[in-house]
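A.B. asks: Can you keep this structure in mind? I'll have questions shortly.
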Amino acid sequence: MPSICGVCNDQCNRDGSEVMCAGVGEALFHNKCIKGDLEGKKLRSNRDWKCKGCRGSTNQTNVSTTIDNDLIKRLTEEISNVRLEMNELRTSVQFMSDKIDSSNKLMHDIKQEMSTLRKENEELRLKNHNLTSDVRNLKERVRSLEQYTRKNNLEISGVPETPNEDTICLLKDIAKTIGVEIDVTHLNAAHRIPSFNKRRPPPIIVQFQQRIIKDMWLKKFKETRNLSAKQVNPAYPDQRVYISDHLSPENKQFLTKLKAKCSEVGYKFAWTRDGKFFVRKDEGDKCQKIDTVEDIEKLK
């Protein structure tokens, strides 16, 4: 059966003058139509000859195969790299996980330690509070005891000091001025003590045998009002003389703080009697007893 030449499209008679393509198409070609192609390929026989279409398909197949091989190689390398990165990531994640576990354990230990320290701190604070309270109470007791030892004492301040003075004679002059009798047998001691205020004369401390005698001196002094040194002795200057309870150093500081607080918050009166302290905001108001520094701070 005749076929069509793949070049000139004329019929081929299959009489041996045609060349069949050795490719998959098995197309026929006139010898004269592909003579130049045969010479160019330098084939040993026409049996091995393939038309340009089949040769191009083969080349494309080879190129495609080469491309596929390169792609597979690259994909294999990429997959290998991905696997390597995944392994590294897995190692890194495991490392971080171990670190987190270690941190969690450390935080747990720290929380337990903090809880223990907080408990110990609360216990120490409670002990400190109790000790502070005990120390405060002891100080108040000592202050009270020190004052109690002075329960029969008077302090007379503002009387000028003279060389070689006779304290007993001076007391007799003061007693006469305020209108009280004095018996030297009622005295345990009478002497001056150093004054913190160097501009004022040293005060005179008088210790009586009985508290009732001391109280009588205080009563007569209050009745006299505005006692001056000139009234005691005309040779003395006209300066105020005060007679009061003999306060311990701590109680003197206490009274100073009390008066300063009263001045700050508007209390008009602050005084001491028998070693105890009292305040009154205004005339006619009820007096308040002040025992501790905390009581002073609460005044308002």
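Within each chain, counting starts at residue 1; across the structure tokens, chains are named A, B, ... in the order shown, with ligands numbered 1 upward in that order.
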As number ranges by chain, please: all residues of stretch 140-296 of chain A that backbone DSSP puts in helix (DSSP H, G or I).
C.D. replies: A: 140-148, 167-178, 184-186, 211-224, 229-232, 249-265, 293-296
A.B. asks: Running DSSP on the backbone, which parts of stretch 146-276 of chain A land in strand (DSSP E), as a count of residues only?
C.D. replies: 26
A.B. asks: Got a sec: who's within 6 Å of stretch 248-252 of chain A, counting only C-alpha atoms, leaving out chain neighbours fewer than 2 positions off, as a list of chain:residue names?
C.D. replies: A:Gln147, A:Phe254, A:Leu255
A.B. asks: Measure the distance from atom CA of A:Lys111 to atom CA of A:His129 in Å and round it to one decimal.
C.D. replies: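 These atoms are spaced 26.2 Å apart.
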A.B. asks: Would you please work out which residue, of A:Lys286, A:Arg240, A:Arg143, A:Lys220, is nearest to A:Pro201 when using only C-alpha atoms?
C.D. replies: A:Arg240
